[in-house]
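S.K.: Coordinates in upload.csv, CSV, C-alpha atoms, are listed below.
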```csv
chain,number,residue,atom,x,y,z
Q,1,MET,CA,0.0,0.0,0.0
Q,2,GLN,CA,1.1,3.6,-0.7
Q,3,VAL,CA,1.2,5.8,2.4
Q,4,SER,CA,1.8,9.6,2.2
Q,5,MET,CA,5.1,10.7,3.6
Q,6,VAL,CA,6.4,14.1,4.7
Q,7,SER,CA,9.7,14.2,2.9
Q,8,GLY,CA,11.0,17.7,3.8
Q,9,ALA,CA,10.0,20.9,5.5
Q,10,GLU,CA,7.0,21.2,3.3
Q,11,GLY,CA,7.4,18.5,0.6
Q,12,THR,CA,5.4,15.2,0.5
Q,13,GLY,CA,6.0,11.9,-1.0
Q,14,ALA,CA,5.0,8.3,-0.6
Q,15,VAL,CA,6.3,5.1,0.9
Q,16,ASP,CA,5.4,1.5,0.1
Q,17,LEU,CA,4.3,-0.5,3.2
Q,18,ALA,CA,3.1,-4.1,3.3
Q,19,ASP,CA,-0.7,-4.6,3.5
Q,20,CYS,CA,-0.2,-7.5,5.9
Q,21,THR,CA,1.2,-5.1,8.5
Q,22,PHE,CA,-0.5,-1.8,7.8
Q,23,ALA,CA,-3.8,-2.7,6.2
Q,24,VAL,CA,-5.4,-5.4,8.4
Q,25,ASP,CA,-8.8,-5.3,10.1
Q,26,TYR,CA,-9.1,-3.9,13.6
Q,27,ASN,CA,-9.4,-6.6,16.1
Q,28,GLN,CA,-10.7,-4.8,19.2
Q,29,THR,CA,-10.9,-7.9,21.4
Q,30,LEU,CA,-7.2,-8.8,20.7
Q,31,VAL,CA,-6.0,-5.2,21.2
Q,32,HIS,CA,-7.9,-5.0,24.5
Q,33,GLN,CA,-6.4,-8.3,25.8
Q,34,VAL,CA,-2.9,-7.3,24.9
Q,35,VAL,CA,-3.1,-3.8,26.2
Q,36,SER,CA,-4.7,-5.0,29.5
Q,37,ALA,CA,-1.8,-7.5,29.8
Q,38,TYR,CA,0.8,-4.7,29.3
Q,39,MET,CA,-0.9,-2.5,31.8
Q,40,ALA,CA,-1.1,-5.3,34.4
Q,41,GLY,CA,2.5,-6.1,33.8
Q,42,ARG,CA,3.4,-2.5,34.9
Q,43,ARG,CA,2.0,-3.1,38.4
Q,44,ARG,CA,4.7,-3.6,41.0
Q,45,GLY,CA,2.6,-5.9,43.1
Q,46,THR,CA,4.5,-5.1,46.3
Q,47,LYS,CA,1.6,-4.3,48.6
Q,48,SER,CA,1.8,-6.3,51.8
Q,49,ARG,CA,-0.3,-6.4,55.0
Q,50,LYS,CA,-0.1,-8.6,58.1
Q,51,SER,CA,-2.7,-11.2,58.8
Q,52,ARG,CA,-3.8,-12.0,62.4
Q,53,ALA,CA,-1.2,-14.8,62.5
Q,54,GLU,CA,1.6,-12.3,61.8
Q,55,VAL,CA,0.6,-9.4,64.0
Q,56,ARG,CA,2.6,-9.2,67.3
Q,57,GLY,CA,0.7,-10.0,70.5
Q,58,GLY,CA,-2.8,-11.4,71.1
Q,59,GLY,CA,-1.6,-14.7,72.6
Q,60,ALA,CA,-3.8,-14.6,75.7
Q,61,LYS,CA,-7.6,-14.5,75.8
Q,62,PRO,CA,-8.5,-10.9,76.9
Q,63,TRP,CA,-11.3,-12.0,79.3
Q,64,ARG,CA,-13.1,-15.2,80.2
Q,65,GLN,CA,-15.7,-16.6,77.9
Q,66,LYS,CA,-18.8,-16.2,80.1
Q,67,GLY,CA,-20.1,-14.2,83.0
Q,68,LEU,CA,-19.1,-10.6,82.2
Q,69,GLY,CA,-21.9,-9.6,79.8
Q,70,ARG,CA,-19.4,-8.8,77.1
Q,71,ALA,CA,-19.0,-10.2,73.7
Q,72,ARG,CA,-16.8,-13.2,73.6
Q,73,ALA,CA,-13.2,-12.6,72.4
Q,74,GLY,CA,-10.3,-14.8,71.9
Q,75,SER,CA,-7.5,-12.4,70.9
Q,76,ILE,CA,-6.9,-8.7,70.9
Q,77,ARG,CA,-5.4,-9.1,67.4
Q,78,SER,CA,-8.7,-10.2,65.8
Q,79,PRO,CA,-9.4,-8.5,62.5
Q,80,ILE,CA,-12.4,-6.6,64.0
Q,81,TRP,CA,-10.2,-5.1,66.7
Q,82,ARG,CA,-8.2,-1.9,66.4
Q,83,GLY,CA,-4.6,-3.0,65.8
Q,84,GLY,CA,-5.6,-6.4,64.7
Q,85,GLY,CA,-4.5,-8.3,61.6
Q,86,ALA,CA,-6.1,-7.8,58.2
Q,87,THR,CA,-8.7,-10.2,56.9
Q,88,PHE,CA,-7.4,-11.7,53.6
Q,89,ALA,CA,-4.2,-9.7,54.0
Q,90,ALA,CA,-2.6,-8.6,50.7
Q,91,LYS,CA,0.7,-10.1,49.9
Q,92,PRO,CA,3.3,-9.4,47.2
Q,93,ARG,CA,2.3,-11.0,43.9
Q,94,SER,CA,2.9,-10.8,40.2
Q,95,PHE,CA,0.2,-9.4,37.9
Q,96,GLN,CA,2.0,-10.6,34.8
Q,97,GLN,CA,-0.2,-12.1,32.1
Q,98,LYS,CA,1.0,-14.3,29.3
Q,99,VAL,CA,1.0,-12.7,25.8
Q,100,ASN,CA,2.5,-14.9,23.2
Q,101,ARG,CA,4.3,-13.6,20.1
Q,102,LYS,CA,1.4,-14.2,17.7
Q,103,MET,CA,-1.0,-12.2,19.9
Q,104,TYR,CA,1.5,-9.3,20.3
Q,105,ARG,CA,2.2,-9.1,16.6
Q,106,GLY,CA,-1.5,-9.3,15.7
Q,107,ALA,CA,-2.3,-6.5,18.1
Q,108,MET,CA,0.5,-4.3,16.8
Q,109,ARG,CA,-0.6,-4.8,13.2
Q,110,SER,CA,-4.2,-4.0,14.1
Q,111,ILE,CA,-3.2,-0.8,15.9
Q,112,LEU,CA,-0.9,0.4,13.2
Q,113,SER,CA,-3.6,-0.2,10.5
Q,114,GLU,CA,-6.2,1.6,12.5
Q,115,LEU,CA,-3.8,4.6,13.0
Q,116,ILE,CA,-3.4,4.8,9.3
Q,117,ARG,CA,-7.2,4.5,8.6
Q,118,THR,CA,-7.9,7.3,11.1
Q,119,GLU,CA,-5.1,9.4,9.8
Q,120,ARG,CA,-3.3,9.5,13.1
Q,121,LEU,CA,0.0,7.9,11.8
Q,122,ILE,CA,2.3,10.3,10.0
Q,123,VAL,CA,5.3,8.9,8.2
Q,124,ILE,CA,8.2,11.3,7.7
Q,125,GLU,CA,11.3,10.7,5.7
Q,126,ASP,CA,13.6,11.6,8.6
Q,127,PHE,CA,13.4,13.5,11.9
Q,128,VAL,CA,16.8,14.8,13.1
Q,129,LEU,CA,17.8,17.6,15.3
Q,130,GLU,CA,21.3,19.1,15.4
Q,131,ASN,CA,21.1,20.2,19.0
Q,132,PRO,CA,19.0,18.8,21.9
Q,133,LYS,CA,16.9,22.0,22.4
Q,134,THR,CA,13.3,21.9,23.4
Q,135,LYS,CA,12.5,25.0,21.3
Q,136,ASP,CA,13.8,23.3,18.2
Q,137,ILE,CA,11.7,20.2,18.4
Q,138,ALA,CA,8.7,22.3,19.5
Q,139,ALA,CA,9.0,24.5,16.4
Q,140,ARG,CA,9.4,21.4,14.2
Q,141,LEU,CA,6.3,19.8,15.6
Q,142,SER,CA,4.4,23.1,15.4
Q,143,THR,CA,5.2,23.2,11.6
Q,144,LEU,CA,3.7,19.7,11.3
Q,145,GLY,CA,0.7,20.7,13.4
Q,146,LEU,CA,1.4,18.2,16.2
Q,147,ASN,CA,1.4,18.8,19.9
Q,148,ASP,CA,0.3,15.4,21.4
Q,149,VAL,CA,2.6,13.0,19.6
Q,150,LEU,CA,4.7,9.9,19.9
Q,151,ILE,CA,7.9,10.1,17.7
Q,152,VAL,CA,9.1,6.7,16.6
Q,153,THR,CA,12.7,6.3,15.3
Q,154,VAL,CA,14.5,3.2,14.1
Q,155,THR,CA,17.2,3.4,16.8
Q,156,ARG,CA,17.6,5.4,20.0
Q,157,ASP,CA,18.2,9.1,19.3
Q,158,ASP,CA,19.5,10.8,22.5
Q,159,THR,CA,19.2,14.2,20.9
Q,160,LEU,CA,15.5,13.8,20.3
Q,161,VAL,CA,15.0,12.3,23.8
Q,162,LEU,CA,16.8,15.2,25.5
Q,163,ALA,CA,15.0,17.8,23.4
Q,164,SER,CA,11.5,16.4,24.0
Q,165,ARG,CA,11.6,15.4,27.7
Q,166,ASN,CA,10.3,18.9,28.8
Q,167,LEU,CA,7.3,18.7,26.6
Q,168,PRO,CA,4.4,17.1,28.5
Q,169,ARG,CA,2.6,15.4,25.6
Q,170,VAL,CA,5.6,14.4,23.5
Q,171,ASP,CA,7.6,11.2,23.8
Q,172,VAL,CA,10.3,9.6,21.7
Q,173,GLN,CA,10.7,5.8,21.4
Q,174,HIS,CA,12.6,3.5,19.0
Q,175,CYS,CA,11.3,0.3,17.5
Q,176,GLY,CA,12.8,-1.9,20.1
Q,177,GLU,CA,10.8,-0.4,23.0
Q,178,LEU,CA,7.6,0.3,21.1
Q,179,SER,CA,4.4,-1.2,22.7
Q,180,PRO,CA,0.7,-1.3,22.0
Q,181,VAL,CA,0.1,0.9,25.0
Q,182,SER,CA,2.5,3.7,23.8
Q,183,LEU,CA,0.9,3.6,20.3
Q,184,LEU,CA,-2.6,4.3,21.8
Q,185,ALA,CA,-1.5,6.8,24.4
Q,186,PHE,CA,-1.1,9.8,22.0
Q,187,ASP,CA,-3.3,11.6,19.6
Q,188,SER,CA,-0.8,11.2,16.7
Q,189,VAL,CA,2.2,9.0,15.9
Q,190,LEU,CA,5.1,10.5,13.9
Q,191,MET,CA,7.1,7.6,12.5
Q,192,THR,CA,10.2,7.8,10.3
Q,193,ALA,CA,10.2,5.8,7.1
Q,194,ALA,CA,13.1,3.6,8.3
Q,195,ALA,CA,11.1,2.8,11.5
Q,196,ALA,CA,8.0,1.9,9.5
Q,197,LYS,CA,10.1,-0.5,7.4
Q,198,ARG,CA,11.7,-2.0,10.5
Q,199,LEU,CA,8.3,-2.6,12.0
Q,200,GLU,CA,7.1,-4.1,8.7
Q,201,GLU,CA,10.0,-6.6,8.9
Q,202,ARG,CA,9.4,-7.5,12.6
Q,203,LEU,CA,5.7,-7.9,12.4
Q,204,ALA,CA,5.5,-9.7,9.1
```
Take the structure in this file and express it as C-alpha cells.

M.R.:
Amino acid sequence: MQVSMVSGAEGTGAVDLADCTFAVDYNQTLVHQVVSAYMAGRRRGTKSRKSRAEVRGGGAKPWRQKGLGRARAGSIRSPIWRGGGATFAAKPRSFQQKVNRKMYRGAMRSILSELIRTERLIVIEDFVLENPKTKDIAARLSTLGLNDVLIVTVTRDDTLVLASRNLPRVDVQHCGELSPVSLLAFDSVLMTAAAAKRLEERLA
C-alpha cells in the first residue's frame, strides 16, 4: 500500500508499506487483551499487610468466655479489633499475564492499521535535530501541526530524547521499545520511514 510521507520541511512523497502489516482489520478484542496484559505487567505488586497470624501479640484470651456480659473474644489481634490483623491480607504478587508472540504481533498490526485509517499515523522521511533543544523540536512539531505525539525512530536518538523530555505530551521511542500501550497513548504517531520499514519486517 502507498502511504503519504512528509519528505521535507513542506514537501510530500509516498512510501510502500506491506498490506499484511499496515492494512489489516481492527481486532478490538485482541487489542484490549494485549493492552490489558501490558498495563497489568506494569503493576509492581509489592503491597503487603499482616494477617492475624503475623501481628505481634494477642496470645492470651483478653477475658473469660462467660459471666461478664461482654461479647466473647479470643484475641486482641482479631481483624475486628483496632490494631488487629487484616482479613485476607494482601501479599506481594505478580500481575503478569502471558501474551504470546502471535497475539502481540497481531495487536501491533491491528493498531498500526487503525492509526493509518484514522489518519493518526504520519510517516516522515527523517526526523533529526542538530542540538538537543526543546524550542527546536517544539518548532518542528508546530510546523507539522502536532502537539500530542509519539515520535518513533528506528534506533535510539539521544538528541531527540533530551529535546522532548520537557514537553508534557511528546515522547520519543525507538522500534525496540515500542508497545501497543504507547501507540494508543497519544493523539498522533510520527514515524520515520526507516522505523516503518523496520516494524514491517518485525511484524510480518

S.K.: Counting all atoms listed in the file, figure out which residue out of Q:Thr134, Q:Ser78, Q:Thr21, Q:Asn147 gets nearest to Arg52 in chain Q.

M.R.: Q:Ser78

S.K.: Q:Leu30, Q:Ala196, Q:Ile116, Q:Val3: which is nearest Val15 in chain Q, counting all atoms listed in the file?

M.R.: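 Selected residue with least distance to Val15 in chain Q: Q:Val3.
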
S.K.: Mind giving me the straight-line distance from CA of Asn131 in chain Q to CA of Arg156 in chain Q in Å, one decimal?

M.R.: 15.2 Å

S.K.: For Ala53 in chain Q, find every residue with an atom within 12 Å (counting only C-alpha atoms), except residues of its own chain fewer than 5 positions away, and show them as an NGL selection string.

M.R.: :Q and (58-59 or 75-79 or 84-89)

S.K.: For Ser94 in chain Q, which residue out of Q:Ala37, Q:Leu203, Q:Ala18, Q:Ala193 is the nearest one, using only C-alpha atoms?

M.R.: Q:Ala37

S.K.: Looking at only C-alpha atoms, which of Q:Gln33, Q:Ser4, Q:Gln96, Q:Thr153 is the one that sits closest to Arg198 in chain Q?

M.R.: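 Looking at the shortest contact to Arg198 in chain Q, the residue is Q:Thr153.
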
S.K.: Select, from Q:Pro62, Q:Arg109, Q:Arg44, Q:Ala71, the residue with the minimum atom-to-atom distance to Ser179 in chain Q, counting all atoms listed in the file.

M.R.: Q:Arg109

S.K.: Smallest atom-to-atom distance to Ser7 in chain Q: which of Q:Gly45, Q:Pro132, Q:Thr192, Q:Gly176, using only C-alpha atoms?

M.R.: Q:Thr192

S.K.: Report, in Å with one decimal, the straight-line distance from CA of Leu144 in chain Q to CA of Leu178 in chain Q.

M.R.: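 One can read the CA of Leu144 in chain Q to CA of Leu178 in chain Q distance as 22.1 Å.
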
S.K.: Which neighbours of Val35 in chain Q fall inside 12 Å, counting only C-alpha atoms, when residues of the same chain fewer than 4 positions from it are skipped, and could you give them as an MDAnalysis selection string?

M.R.: chainID Q and resid 28:31 39:42 97:99 103:104 106:108 111 179:185

S.K.: For Leu150 in chain Q, work out the shell of residues within 8 Å, counting only C-alpha atoms and skipping chain neighbours fewer than 5 positions away, then give it as a count of residues only.

M.R.: 10

S.K.: Any idea what the distance is between CA of Glu130 in chain Q and CA of Leu162 in chain Q?

M.R.: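 Computing it gives 11.7 Å between the two atoms.
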
S.K.: At a cut-off of 10 Å, using all atoms listed in the file, what residues contact Arg64 in chain Q? Leave out same-chain residues fewer than 5 positions from it and give the result as a list in words.

M.R.: Arg70, Arg72, Ala73 and Gly74 of chain Q

S.K.: Fewer than 3 positions away in the same chain doesn't count, so skip those; otherwise give me all residues within 7 Å of Cys175 in chain Q, counting all atoms listed in the file, as a list of chain:residue names.

M.R.: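 So the residues in contact are Q:Val152, Q:Thr153, Q:Val154, Q:Thr155, Q:Leu178, Q:Ala195, Q:Leu199.
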